[in-house]
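Q: Contents of final-v9.csv (CSV, C-alpha atoms):
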```csv
chain,number,residue,atom,x,y,z
A,7,MET,CA,16.1,-49.9,20.6
A,8,ILE,CA,15.4,-46.2,21.0
A,9,GLY,CA,13.0,-47.0,23.8
A,10,ALA,CA,15.6,-49.1,25.6
A,11,LEU,CA,18.2,-46.4,25.4
A,12,LEU,CA,15.7,-43.7,26.6
A,13,ALA,CA,15.0,-46.0,29.6
A,14,THR,CA,18.7,-46.1,30.5
A,15,ALA,CA,19.5,-42.9,32.3
A,16,ALA,CA,23.3,-43.3,31.8
A,17,LEU,CA,23.0,-43.5,28.1
A,18,ALA,CA,21.8,-40.9,25.6
A,19,ALA,CA,19.3,-41.9,22.9
A,20,PRO,CA,20.7,-41.8,19.4
A,21,ALA,CA,19.5,-38.6,17.7
A,22,PRO,CA,18.8,-38.2,14.0
A,23,GLY,CA,21.3,-36.3,11.9
A,24,ALA,CA,21.2,-32.5,11.8
A,25,PRO,CA,18.8,-31.3,9.1
A,26,SER,CA,20.3,-30.2,5.8
A,27,ALA,CA,18.6,-27.4,3.7
A,28,GLU,CA,18.2,-28.7,0.2
A,29,ALA,CA,16.4,-25.7,-1.1
A,30,VAL,CA,15.6,-22.2,0.3
A,31,THR,CA,13.4,-19.4,-1.1
A,32,ASP,CA,12.0,-16.3,0.6
A,33,THR,CA,9.1,-18.2,2.2
A,34,THR,CA,10.0,-21.9,2.0
A,35,VAL,CA,12.7,-24.4,2.9
A,36,THR,CA,13.1,-28.1,2.1
A,37,LEU,CA,14.9,-30.0,4.8
A,38,SER,CA,16.2,-33.6,5.0
A,39,TRP,CA,18.1,-35.6,7.6
A,40,LYS,CA,19.6,-39.0,8.3
A,41,ALA,CA,18.1,-41.6,10.6
A,42,PRO,CA,19.7,-42.4,13.9
A,43,SER,CA,22.5,-45.0,13.6
A,44,GLY,CA,21.1,-48.5,14.0
A,45,ALA,CA,17.5,-47.4,14.7
A,46,LYS,CA,14.3,-47.4,12.7
A,47,PRO,CA,12.1,-44.7,14.2
A,48,ARG,CA,8.3,-44.7,13.6
A,49,ALA,CA,8.2,-40.9,13.1
A,50,TYR,CA,10.2,-37.7,13.4
A,51,ARG,CA,9.3,-34.4,15.1
A,52,LEU,CA,10.5,-31.3,13.3
A,53,LEU,CA,11.4,-28.4,15.6
A,54,ARG,CA,11.8,-24.7,14.6
A,55,ASP,CA,13.7,-22.6,17.2
A,56,GLY,CA,13.2,-25.4,19.7
A,57,ARG,CA,9.4,-25.7,19.2
A,58,ILE,CA,7.6,-28.6,17.5
A,59,VAL,CA,6.3,-27.7,14.0
A,60,ARG,CA,4.9,-31.1,13.0
A,61,GLN,CA,5.4,-34.9,13.2
A,62,LEU,CA,6.0,-36.9,10.0
A,63,ALA,CA,6.9,-40.4,8.9
A,64,GLY,CA,9.6,-39.5,6.4
A,65,ARG,CA,13.0,-37.8,6.5
A,66,ARG,CA,12.3,-35.0,4.1
A,67,VAL,CA,9.9,-32.1,4.4
A,68,LYS,CA,9.1,-28.7,2.7
A,69,VAL,CA,8.0,-26.0,5.1
A,70,ARG,CA,6.0,-23.0,3.7
A,71,LYS,CA,4.9,-19.6,4.9
A,72,LEU,CA,8.2,-18.6,6.5
A,73,ALA,CA,9.2,-14.9,6.9
A,74,PRO,CA,11.7,-13.6,4.2
A,75,LYS,CA,15.2,-12.8,5.4
A,76,ARG,CA,14.6,-14.4,8.8
A,77,ALA,CA,17.0,-16.9,10.4
A,78,TYR,CA,15.5,-20.1,11.8
A,79,LYS,CA,17.1,-23.0,13.7
A,80,TRP,CA,15.9,-26.4,12.6
A,81,SER,CA,16.3,-29.7,14.6
A,82,VAL,CA,14.7,-33.1,14.7
A,83,ARG,CA,13.7,-35.7,17.3
A,84,ALA,CA,13.1,-39.4,16.6
A,85,VAL,CA,10.0,-41.2,17.9
A,86,ASP,CA,10.1,-45.1,18.4
A,87,ARG,CA,7.2,-47.4,18.1
A,88,ALA,CA,6.6,-47.3,21.9
A,89,GLY,CA,6.2,-43.5,21.7
A,90,ASN,CA,9.6,-42.7,23.3
A,91,VAL,CA,11.3,-39.6,21.9
A,92,SER,CA,15.0,-39.1,21.4
A,93,ARG,CA,17.0,-36.0,22.2
A,94,ALA,CA,17.1,-33.4,19.5
A,95,SER,CA,19.6,-33.4,16.7
A,96,ARG,CA,22.1,-30.6,16.3
A,97,ALA,CA,20.3,-27.5,15.1
A,98,THR,CA,20.9,-26.2,11.6
A,99,ARG,CA,20.6,-22.4,11.1
A,100,VAL,CA,18.9,-21.4,7.8
A,101,VAL,CA,18.4,-17.8,6.6
A,102,GLN,CA,15.4,-17.4,4.3
A,103,GLY,CA,16.1,-15.6,1.0
A,104,GLU,CA,15.1,-12.1,-0.2
A,105,PRO,CA,11.5,-11.9,-1.5
A,106,PRO,CA,11.0,-11.1,-5.2
A,107,PRO,CA,11.5,-7.3,-5.6
A,108,THR,CA,8.9,-5.1,-7.3
A,109,THR,CA,9.4,-4.3,-11.0
A,110,GLY,CA,6.5,-1.8,-11.1
A,111,ALA,CA,6.2,2.0,-11.1
A,112,VAL,CA,2.7,2.7,-9.9
A,113,HIS,CA,2.2,5.2,-7.0
A,114,ALA,CA,-0.5,3.8,-4.7
A,115,TYR,CA,-2.2,5.0,-1.5
A,116,LEU,CA,-2.8,2.4,1.1
A,117,LEU,CA,-5.4,2.9,3.7
A,118,ALA,CA,-3.7,1.8,6.9
A,119,SER,CA,-7.0,1.4,8.8
A,120,THR,CA,-8.3,-1.5,6.8
A,121,ASP,CA,-6.7,-4.9,6.1
A,122,ALA,CA,-8.4,-4.9,2.7
A,123,SER,CA,-6.0,-2.3,1.5
A,124,TYR,CA,-2.9,-4.0,2.9
A,125,THR,CA,-4.1,-7.3,1.4
A,126,ALA,CA,-4.4,-5.7,-2.1
A,127,PHE,CA,-0.9,-4.3,-1.7
A,128,ARG,CA,0.5,-7.7,-0.7
A,129,LYS,CA,-1.1,-9.3,-3.7
A,130,HIS,CA,-0.1,-6.7,-6.3
A,131,TYR,CA,3.1,-5.2,-4.9
A,132,ARG,CA,5.1,-6.3,-8.0
A,133,GLN,CA,3.4,-3.6,-10.0
A,134,ILE,CA,3.9,-0.8,-7.4
A,135,GLY,CA,7.0,1.3,-7.0
A,136,HIS,CA,5.9,3.8,-4.3
A,137,VAL,CA,3.3,3.1,-1.6
A,138,TYR,CA,1.7,5.9,0.5
A,139,PRO,CA,0.3,4.4,3.7
A,140,THR,CA,-2.1,6.7,5.5
A,141,PHE,CA,-0.3,6.9,8.8
A,142,TYR,CA,-0.5,10.6,9.8
A,143,ASP,CA,-3.1,13.3,10.1
A,144,CYS,CA,-3.6,16.8,11.6
A,145,ASN,CA,-5.7,17.3,14.7
A,146,ARG,CA,-8.2,20.0,13.6
A,147,SER,CA,-8.6,21.3,17.1
A,148,SER,CA,-4.9,21.5,18.3
A,149,ALA,CA,-3.2,21.5,14.9
A,150,ALA,CA,-0.9,18.8,16.2
A,151,LEU,CA,0.5,16.1,13.9
A,152,GLU,CA,-0.9,12.7,15.0
A,153,GLY,CA,-0.8,9.1,13.9
A,154,ARG,CA,1.4,6.0,14.2
A,155,ASP,CA,3.7,3.8,12.2
A,156,ASP,CA,2.8,0.3,11.2
A,157,ARG,CA,5.9,-1.8,11.0
A,158,ARG,CA,4.1,-4.7,9.3
A,159,ILE,CA,3.3,-2.5,6.2
A,160,VAL,CA,6.7,-0.8,6.1
A,161,ARG,CA,8.7,-4.0,6.5
A,162,PHE,CA,6.8,-5.9,3.9
A,163,ALA,CA,7.2,-3.0,1.3
A,164,GLN,CA,10.8,-2.2,1.9
A,165,ASP,CA,11.8,-5.9,1.9
A,166,ARG,CA,10.4,-6.0,-1.6
A,167,LYS,CA,12.1,-2.7,-2.7
A,168,VAL,CA,8.9,-0.7,-2.8
A,169,LYS,CA,9.6,2.8,-1.5
A,170,VAL,CA,7.5,3.8,1.5
A,171,LEU,CA,6.4,7.4,1.8
A,172,PRO,CA,3.7,7.7,4.5
A,173,ARG,CA,0.9,10.2,3.8
A,174,VAL,CA,0.8,13.3,6.1
A,175,ASN,CA,-2.8,14.4,5.6
A,176,CYS,CA,-4.6,17.6,6.5
A,177,GLN,CA,-7.8,18.8,4.9
A,178,SER,CA,-8.9,21.6,7.2
A,179,THR,CA,-8.6,25.2,5.8
A,180,ALA,CA,-8.3,26.7,9.3
A,181,THR,CA,-5.8,24.2,10.5
A,182,LEU,CA,-3.6,24.5,7.4
A,183,GLN,CA,-3.8,28.3,7.7
A,184,ARG,CA,-2.2,27.9,11.1
A,185,ILE,CA,0.4,25.3,10.1
A,186,LEU,CA,1.6,27.4,7.2
A,187,GLY,CA,1.3,30.8,8.8
A,188,GLU,CA,2.4,30.5,12.4
A,189,PRO,CA,6.2,30.3,12.5
A,190,ALA,CA,6.5,28.2,15.6
A,191,LEU,CA,3.9,25.7,14.5
A,192,ARG,CA,5.3,25.6,11.0
A,193,GLU,CA,8.8,24.7,12.4
A,194,GLN,CA,7.2,22.1,14.7
A,195,TRP,CA,5.6,20.4,11.8
A,196,LEU,CA,8.7,20.4,9.6
A,197,ALA,CA,10.9,19.1,12.5
A,198,GLN,CA,8.4,16.4,13.4
A,199,ILE,CA,7.9,15.1,9.9
A,200,VAL,CA,11.7,14.8,9.4
A,201,ALA,CA,12.0,13.1,12.8
A,202,LEU,CA,9.4,10.5,11.8
A,203,VAL,CA,11.2,9.8,8.6
A,204,ASP,CA,14.5,9.4,10.5
A,205,LYS,CA,13.0,7.3,13.3
A,206,HIS,CA,11.1,4.9,11.1
A,207,ARG,CA,13.6,4.8,8.2
A,208,TYR,CA,11.0,5.7,5.6
A,209,ASP,CA,12.1,6.4,2.1
A,210,GLY,CA,10.5,9.8,2.3
A,211,VAL,CA,7.0,11.3,3.0
A,212,ASN,CA,3.9,12.2,1.0
A,213,ILE,CA,2.2,15.5,1.8
A,214,ASP,CA,-1.5,15.7,1.2
A,215,PHE,CA,-2.7,19.1,2.2
A,216,GLU,CA,-6.1,20.0,0.7
A,217,ALA,CA,-8.7,22.7,1.2
A,218,ILE,CA,-5.9,25.3,1.3
A,219,ARG,CA,-6.8,29.0,0.8
A,220,ALA,CA,-5.6,30.4,-2.4
A,221,GLU,CA,-4.1,33.2,-0.3
A,222,ASP,CA,-1.7,30.6,1.3
A,223,ARG,CA,-0.2,29.7,-2.1
A,224,ASP,CA,3.2,31.1,-1.4
A,225,ARG,CA,3.2,29.8,2.2
A,226,LEU,CA,2.5,26.3,0.9
A,227,THR,CA,5.4,26.5,-1.7
A,228,SER,CA,7.7,27.8,1.0
A,229,PHE,CA,6.7,24.9,3.4
A,230,ILE,CA,7.4,22.3,0.6
A,231,ALA,CA,10.7,23.9,-0.3
A,232,ASP,CA,11.9,23.8,3.3
A,233,LEU,CA,10.7,20.2,3.8
A,234,ALA,CA,12.3,19.1,0.6
A,235,ALA,CA,15.6,20.6,1.5
A,236,ARG,CA,15.7,18.8,4.9
A,237,LEU,CA,14.6,15.5,3.4
A,238,HIS,CA,17.1,15.7,0.5
A,239,ALA,CA,19.9,16.4,2.9
A,240,ARG,CA,19.1,12.9,4.3
A,241,GLY,CA,18.8,11.3,0.9
A,242,LYS,CA,15.0,11.0,1.3
A,243,LEU,CA,12.1,11.8,-1.1
A,244,LEU,CA,9.2,14.2,-1.0
A,245,SER,CA,5.9,13.5,-2.8
A,246,GLN,CA,3.0,15.9,-2.8
A,247,ALA,CA,-0.7,15.5,-3.7
A,248,VAL,CA,-2.0,18.4,-5.7
A,249,SER,CA,-5.4,19.4,-7.0
A,250,ALA,CA,-6.1,18.9,-10.7
A,251,LYS,CA,-6.4,21.9,-13.1
A,252,PHE,CA,-6.4,22.9,-16.7
A,253,ALA,CA,-4.5,26.2,-16.2
A,254,ASP,CA,-2.9,28.2,-13.4
A,255,ASN,CA,-5.4,30.4,-11.7
A,256,PRO,CA,-3.9,31.6,-8.4
A,257,ARG,CA,-7.4,32.6,-7.2
A,258,HIS,CA,-9.1,29.3,-7.8
A,259,PRO,CA,-10.7,28.2,-4.5
A,260,ARG,CA,-9.4,24.7,-4.7
A,261,SER,CA,-6.4,24.5,-7.0
A,262,GLY,CA,-5.1,28.1,-6.7
A,263,ALA,CA,-2.9,27.2,-3.7
A,264,PHE,CA,-0.9,24.8,-5.9
A,265,ASP,CA,1.8,26.5,-7.9
A,266,TYR,CA,2.8,23.6,-10.1
A,267,GLN,CA,5.9,25.1,-11.6
A,268,GLN,CA,7.4,26.2,-8.2
A,269,LEU,CA,6.4,23.0,-6.4
A,270,ALA,CA,8.1,21.0,-9.1
A,271,ARG,CA,11.4,22.7,-8.3
A,272,HIS,CA,11.4,21.1,-4.8
A,273,ALA,CA,9.2,18.0,-4.6
A,274,ASP,CA,10.4,14.7,-6.2
A,275,VAL,CA,6.8,13.6,-7.1
A,276,LEU,CA,3.7,15.6,-7.8
A,277,PHE,CA,0.6,13.4,-7.6
A,278,VAL,CA,-2.2,15.1,-9.5
A,279,MET,CA,-5.6,14.0,-8.1
A,280,GLY,CA,-7.3,13.4,-11.4
A,281,TRP,CA,-10.9,13.2,-10.1
A,282,GLY,CA,-13.3,15.5,-8.3
A,283,VAL,CA,-15.5,16.9,-11.1
A,284,HIS,CA,-18.3,15.6,-8.8
A,285,TRP,CA,-17.9,14.8,-5.1
A,286,SER,CA,-19.9,13.7,-2.1
A,287,GLN,CA,-21.7,17.1,-1.6
A,288,SER,CA,-22.2,17.9,-5.3
A,289,ALA,CA,-24.8,16.8,-7.8
A,290,PRO,CA,-24.4,13.3,-9.0
A,291,GLY,CA,-22.0,12.6,-12.0
A,292,ALA,CA,-18.8,10.9,-13.1
A,293,GLN,CA,-16.1,12.1,-10.8
A,294,ASP,CA,-13.4,11.6,-13.4
A,295,ASP,CA,-15.2,12.6,-16.7
A,296,ILE,CA,-12.8,11.5,-19.4
A,297,ALA,CA,-12.8,14.8,-21.2
A,298,TRP,CA,-11.9,16.6,-18.0
A,299,VAL,CA,-9.2,14.2,-17.2
A,300,ARG,CA,-7.7,14.5,-20.7
A,301,GLY,CA,-7.6,18.3,-20.2
A,302,VAL,CA,-5.8,17.9,-16.9
A,303,ALA,CA,-3.3,15.5,-18.4
A,304,ASP,CA,-2.6,17.8,-21.3
A,305,TYR,CA,-1.9,20.7,-19.0
A,306,VAL,CA,0.3,18.6,-16.7
A,307,ALA,CA,2.3,17.4,-19.7
A,308,THR,CA,3.4,21.0,-20.3
A,309,MET,CA,5.1,21.2,-17.0
A,310,PRO,CA,8.9,21.1,-16.7
A,311,GLN,CA,10.5,17.9,-15.3
A,312,ARG,CA,7.7,15.8,-16.6
A,313,GLU,CA,9.2,12.7,-15.0
A,314,LYS,CA,8.1,14.1,-11.6
A,315,TRP,CA,4.4,14.1,-12.5
A,316,VAL,CA,1.9,11.4,-11.7
A,317,LEU,CA,-1.7,11.3,-13.0
A,318,GLY,CA,-3.7,9.9,-10.1
A,319,THR,CA,-6.9,7.8,-10.8
A,320,MET,CA,-9.7,7.0,-8.3
A,321,LEU,CA,-10.7,3.3,-8.0
A,322,TYR,CA,-14.0,3.7,-6.2
A,323,GLY,CA,-17.6,4.8,-7.0
A,324,MET,CA,-20.0,7.3,-5.5
A,325,ASP,CA,-23.7,6.7,-4.7
A,326,TRP,CA,-25.9,9.8,-4.3
A,327,PRO,CA,-29.4,9.6,-2.8
A,328,ALA,CA,-31.8,12.2,-4.2
A,329,GLY,CA,-31.2,15.4,-2.3
A,330,GLY,CA,-28.5,13.8,-0.1
A,331,ARG,CA,-24.8,13.4,0.3
A,332,GLY,CA,-22.9,10.8,-1.8
A,333,THR,CA,-21.3,7.7,-0.2
A,334,ALA,CA,-18.2,6.1,-1.6
A,335,LEU,CA,-18.5,2.4,-2.5
A,336,HIS,CA,-15.8,-0.2,-3.5
A,337,HIS,CA,-16.1,-1.9,-6.8
A,338,ALA,CA,-17.1,-5.2,-5.1
A,339,GLU,CA,-19.8,-3.4,-3.1
A,340,ILE,CA,-21.2,-1.9,-6.3
A,341,GLN,CA,-21.3,-5.3,-8.0
A,342,ALA,CA,-23.0,-6.8,-5.0
A,343,LEU,CA,-25.6,-4.0,-4.9
A,344,ALA,CA,-26.3,-4.5,-8.7
A,345,ALA,CA,-26.7,-8.2,-8.3
A,346,ALA,CA,-28.9,-8.0,-5.2
A,347,ARG,CA,-31.3,-5.5,-6.9
A,348,GLY,CA,-31.1,-7.0,-10.4
A,349,LEU,CA,-29.7,-3.7,-11.7
A,350,SER,CA,-28.1,-3.3,-15.2
A,351,PRO,CA,-25.4,-0.7,-15.3
A,352,VAL,CA,-25.4,1.8,-18.2
A,353,PHE,CA,-22.1,2.8,-19.8
A,354,SER,CA,-21.6,6.5,-20.8
A,355,PRO,CA,-19.2,6.7,-23.7
A,356,GLU,CA,-19.1,10.5,-23.3
A,357,LYS,CA,-18.0,10.3,-19.6
A,358,ASP,CA,-16.2,6.9,-20.0
A,359,ALA,CA,-17.9,5.8,-16.8
A,360,TRP,CA,-20.6,3.5,-15.5
A,361,GLN,CA,-23.9,4.6,-14.1
A,362,LEU,CA,-26.5,2.8,-11.9
A,363,THR,CA,-29.9,4.2,-10.9
A,364,TYR,CA,-32.3,2.6,-8.4
A,365,THR,CA,-34.8,3.3,-5.7
A,366,ASP,CA,-34.1,2.1,-2.2
A,367,ALA,CA,-36.5,0.5,0.3
A,368,ALA,CA,-37.5,3.9,1.7
A,369,GLY,CA,-38.5,5.1,-1.8
A,370,ILE,CA,-35.5,7.3,-2.3
A,371,ALA,CA,-34.0,7.5,-5.8
A,372,HIS,CA,-30.2,6.9,-6.1
A,373,GLU,CA,-27.7,7.7,-8.8
A,374,LEU,CA,-24.4,5.9,-8.7
A,375,TRP,CA,-21.3,6.4,-10.9
A,376,TYR,CA,-18.2,4.2,-10.9
A,377,SER,CA,-15.1,3.0,-12.8
A,378,ASP,CA,-14.1,-0.4,-13.9
A,379,ALA,CA,-10.9,-2.0,-15.3
A,380,THR,CA,-11.5,-0.7,-18.8
A,381,THR,CA,-12.2,3.0,-17.8
A,382,VAL,CA,-9.1,2.9,-15.4
A,383,ALA,CA,-7.0,1.5,-18.2
A,384,ASN,CA,-8.1,4.4,-20.4
A,385,ARG,CA,-6.9,6.9,-17.9
A,386,VAL,CA,-3.6,5.0,-17.4
A,387,ALA,CA,-3.2,5.3,-21.2
A,388,LEU,CA,-3.7,9.0,-21.1
A,389,ALA,CA,-0.9,9.3,-18.6
A,390,ARG,CA,1.5,7.0,-20.4
A,391,GLU,CA,0.9,8.7,-23.8
A,392,ARG,CA,2.0,12.0,-22.2
A,393,GLY,CA,5.0,10.6,-20.4
A,394,LEU,CA,3.4,10.9,-16.9
A,395,GLY,CA,3.5,8.4,-14.1
A,396,VAL,CA,0.4,6.5,-12.9
A,397,GLY,CA,-1.1,6.7,-9.4
A,398,PHE,CA,-4.2,5.2,-7.6
A,399,TRP,CA,-6.4,6.2,-4.7
A,400,ARG,CA,-6.6,3.7,-3.2
A,401,LEU,CA,-5.7,0.0,-2.9
A,402,GLY,CA,-8.4,-2.4,-1.8
A,403,GLN,CA,-11.3,-0.6,-3.7
A,404,GLU,CA,-10.5,-1.6,-7.2
A,405,ASP,CA,-11.8,-3.8,-9.9
A,406,GLU,CA,-9.3,-6.6,-9.7
A,407,ARG,CA,-8.9,-6.8,-13.4
A,408,ILE,CA,-7.0,-3.5,-13.5
A,409,TRP,CA,-3.8,-5.4,-12.5
A,410,ALA,CA,-3.9,-7.5,-15.7
A,411,SER,CA,-3.1,-4.4,-17.7
A,412,SER,CA,0.3,-4.5,-19.2
A,413,SER,CA,0.5,-0.7,-19.1
A,414,LEU,CA,1.0,-0.8,-15.3
A,415,GLY,CA,4.4,-2.3,-15.7
```
Translate this structure into structure tokens?

A:
Amino acid sequence: MIGALLATAALAAPAPGAPSAEAVTDTTVTLSWKAPSGAKPRAYRLLRDGRIVRQLAGRRVKVRKLAPKRAYKWSVRAVDRAGNVSRASRATRVVQGEPPPTTGAVHAYLLASTDASYTAFRKHYRQIGHVYPTFYDCNRSSAALEGRDDRRIVRFAQDRKVKVLPRVNCQSTATLQRILGEPALREQWLAQIVALVDKHRYDGVNIDFEAIRAEDRDRLTSFIADLAARLHARGKLLSQAVSAKFADNPRHPRSGAFDYQQLARHADVLFVMGWGVHWSQSAPGAQDDIAWVRGVADYVATMPQREKWVLGTMLYGMDWPAGGRGTALHHAEIQALAAARGLSPVFSPEKDAWQLTYTDAAGIAHELWYSDATTVANRVALARERGLGVGFWRLGQEDERIWASSSLG
């Protein structure tokens, strides 16, 4: 019958009934429809926004992997046994629901240059409250602020109520001396950061200025105070990464620039980088020796407005060749290395860290230190016991088991 009607130019083929949405979530929809009057089609073609999605025999289908909050127009065509296709049914507009919001409080950096970091965020966002994607950096030659927004990351996070505060990074002593000390350049940076927040509708920004001269301590505090005032006037947040320390020594070459008490008057979040006892250019060793981290946590807990403070934990390992510079490795890379070489890691209770030693194909000895889910959980516990927030550098490097910890929230 459908074929006969299609062959008759003066008559329109009977179309199926418009689809009805029986169930809608953030990423799925279940649709059903009525058969054309007086016809028994062989199949139906489901169309989304006018394009064929699939052909099926029945009159009910569940469609997955849809975009949350997006509106789609669904229609159906009938196919008779001769292969003739009817006109499309009336379209039904369906708006997908809101995705499940986060219930977490972790502060996490997301490396925007690798999909592994974004994949980890998508998988574990329910435990993350603030995400710091690495969008922006300083140009060490020109001292310009460079970088770009990634709508994919921002939209995914904000749709799920995770606050997005992109990282503005600079780790050049000479460049930071200019940014903080040259009035015109300082104003240019302040204005540009605020403009980026306005343009891209971020929830705020994260400042990660490192390798600052101790002599620039007051200039750094002044910069943060000015930036905070401009952001707060817009209802936006300011987070700042700060070097770890046990006490305030204004002359310390790494942490002296960070005046904890003054910075806490202005920033909304102070992310203490709770690692760095050993680093790529130092002798090998646990980067976050537990005794050292405990001392840092104890000192941070004495600060006013404790709710602003986050104890950050590293999620990677470091491999030092004898006499050479260390290389950062992800947890999965370390496990693969151990398996390939038949290595047995050794746990150090004193450091609360894991160690691997081996000799490579060139005969060079290596010493590798890393964290796992248990050692990360111990540092999370240190933070929680002192009323501090929890932070990670960075997503995509971790032992997956860390996310099973109930202490992450």

Q: Given all atoms listed in the file as the basis, pick out the residue of A:Arg271, A:Lys169, A:Arg60, A:Lys75 nearest to Thr109 in chain A.

A: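 Going through A:Arg271, A:Lys169, A:Arg60, A:Lys75 one by one, the smallest distance to Thr109 in chain A is for A:Lys169.
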
Q: Of the residues A:Gly318, A:Gly402, A:Gly348, A:Gly56, which is the one nearest to Arg390 in chain A, using only C-alpha atoms?

A: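 Checking each candidate against Arg390 in chain A, we get A:Gly318 as the closest.
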
Q: Hey, what's within 12 Å of Thr181 in chain A if we count all atoms listed in the file and toss same-chain stuff fewer than 3 positions away? As a VMD selection string, please?

A: chain A and resid 143 to 151 175 to 178 184 to 188 191 to 192 215 to 219 222

Q: Could those selected residues go to a file with C-alpha atoms, as a compact mmCIF listing (two decimals), in the coordinates of the input?

A:
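result_23.txt was written with the following content:
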```
# COMPACT_ATOMS: atom_id res chain seq x y z
CA ASP A 143 -3.10 13.30 10.10
CA CYS A 144 -3.60 16.80 11.60
CA ASN A 145 -5.70 17.30 14.70
CA ARG A 146 -8.20 20.00 13.60
CA SER A 147 -8.60 21.30 17.10
CA SER A 148 -4.90 21.50 18.30
CA ALA A 149 -3.20 21.50 14.90
CA ALA A 150 -0.90 18.80 16.20
CA LEU A 151 0.50 16.10 13.90
CA ASN A 175 -2.80 14.40 5.60
CA CYS A 176 -4.60 17.60 6.50
CA GLN A 177 -7.80 18.80 4.90
CA SER A 178 -8.90 21.60 7.20
CA ARG A 184 -2.20 27.90 11.10
CA ILE A 185 0.40 25.30 10.10
CA LEU A 186 1.60 27.40 7.20
CA GLY A 187 1.30 30.80 8.80
CA GLU A 188 2.40 30.50 12.40
CA LEU A 191 3.90 25.70 14.50
CA ARG A 192 5.30 25.60 11.00
CA PHE A 215 -2.70 19.10 2.20
CA GLU A 216 -6.10 20.00 0.70
CA ALA A 217 -8.70 22.70 1.20
CA ILE A 218 -5.90 25.30 1.30
CA ARG A 219 -6.80 29.00 0.80
CA ASP A 222 -1.70 30.60 1.30
```

Q: Tell me, in Å to one decimal, how far CA of His113 in chain A is from CA of Arg260 in chain A.

A: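 Those two atoms sit 22.8 Å apart.
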
Q: If you measure from CA of Asp358 in chain A to CA of Val275 in chain A, what distance in Å do you get, rounded to one decimal?

A: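 So the two atoms, CA of Asp358 in chain A and CA of Val275 in chain A, lie 27.2 Å apart.
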
Q: Hey, which of A:Asp121, A:Glu406, A:Asp295, A:Glu356 ends up closest to Leu321 in chain A? Count only C-alpha atoms.

A: A:Glu406

Q: Would you kindly return, as an MDAnalysis selection string, each protein, DNA or RNA residue with an atom no farther than 8 Å from any atom of Gly332 in chain A, considering all atoms listed in the file and excluding same-chain residues fewer than 6 positions away?

A: chainID A and resid 285:288 290 324:326

Q: Pick from A:Gly64, A:Pro20, A:Gly291, A:Gly397: nearest to Met279 in chain A, with only C-alpha atoms counted?

A: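 Closest residue, counting only C-alpha atoms: A:Gly397.
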
Q: What's the 9 Å shell around Asp55 in chain A, counting all atoms listed in the file, without same-chain residues fewer than 3 positions away, as number ranges by chain?

A: A: 58, 78-81, 97

Q: Could you please take those selected residues and save C-alpha atoms as an mmCIF file, in the frame of the given file?

A:
```cif
data_model
loop_
_atom_site.group_PDB
_atom_site.id
_atom_site.type_symbol
_atom_site.label_atom_id
_atom_site.label_comp_id
_atom_site.auth_asym_id
_atom_site.auth_seq_id
_atom_site.Cartn_x
_atom_site.Cartn_y
_atom_site.Cartn_z
ATOM 1 C CA ILE A 58 7.600 -28.600 17.500
ATOM 2 C CA TYR A 78 15.500 -20.100 11.800
ATOM 3 C CA LYS A 79 17.100 -23.000 13.700
ATOM 4 C CA TRP A 80 15.900 -26.400 12.600
ATOM 5 C CA SER A 81 16.300 -29.700 14.600
ATOM 6 C CA ALA A 97 20.300 -27.500 15.100
#
```

Q: Let me make sure I understand: among A:His136, A:Arg76, A:Arg331, A:Lys251, which one has the smallest atom-to-atom distance to Asp209 in chain A if we use only C-alpha atoms?

A: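 Using only C-alpha atoms, Asp209 in chain A sits closest to A:His136.
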
Q: Expressed in Å to a single decimal, how great is the separation between CA of Gly103 in chain A and CA of Thr33 in chain A?

A: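 Computed distance, CA of Gly103 in chain A to CA of Thr33 in chain A, equals 7.6 Å.
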
Q: Considering all atoms listed in the file, return as a list in words whatever protein or nucleic-acid residues lie within 10 Å of Asp294 in chain A, sequence-local ones (same chain, fewer than 2 positions apart) excluded.

A: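 So the residues in contact are Met279, Gly280, Trp281, Gly282, Val283, His284, Trp285, Gly291, Ala292, Ile296, Ala297, Trp298, Val299, Arg300, Thr319, Met320, Lys357, Asp358, Ala359, Trp375, Tyr376, Ser377, Thr381, Val382 and Arg385 of chain A.
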
Q: Using all atoms listed in the file, find the one residue out of A:Arg223, A:Ala273, A:Asn255, A:Ala201 that sits nearest to Arg240 in chain A.

A: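 Selected residue with least distance to Arg240 in chain A: A:Ala201.
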
Q: Write out as a PyMOL selection string the residues lying within 7 Å of Pro107 in chain A, counting only C-alpha atoms and excluding same-chain residues fewer than 4 positions away.

A: chain A and resi 132+166-167

Q: Take the residues from that selection and write them out as a short mmCIF file (atom, residue, chain, number, x, y, z; two decimals), in the frame of the given file, keeping C-alpha atoms.

A:
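Dumped to out_38.cif:
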```
data_model
loop_
_atom_site.label_atom_id
_atom_site.label_comp_id
_atom_site.auth_asym_id
_atom_site.auth_seq_id
_atom_site.Cartn_x
_atom_site.Cartn_y
_atom_site.Cartn_z
CA ARG A 132 5.10 -6.30 -8.00
CA ARG A 166 10.40 -6.00 -1.60
CA LYS A 167 12.10 -2.70 -2.70
#
```

Q: Report, as lines of an AutoDock Vina configuration file, the axis-aligned box around all atoms of range 225-243 of chain A present in the file, extended by 5 Å on each side; give centre and edge lengths in Å to one decimal place.

A:
```
center_x = 11.2
center_y = 20.4
center_z = 1.6
size_x = 27.4
size_y = 28.8
size_z = 16.6
```

Q: For a cutoff of 10 Å around the file-coordinate point (6.5, 24.8, -7.5), which residues qualify once you count only C-alpha atoms? I'd like the result as a VMD selection string.

A: chain A and resid 223 to 224 226 to 228 230 to 231 264 to 273 276
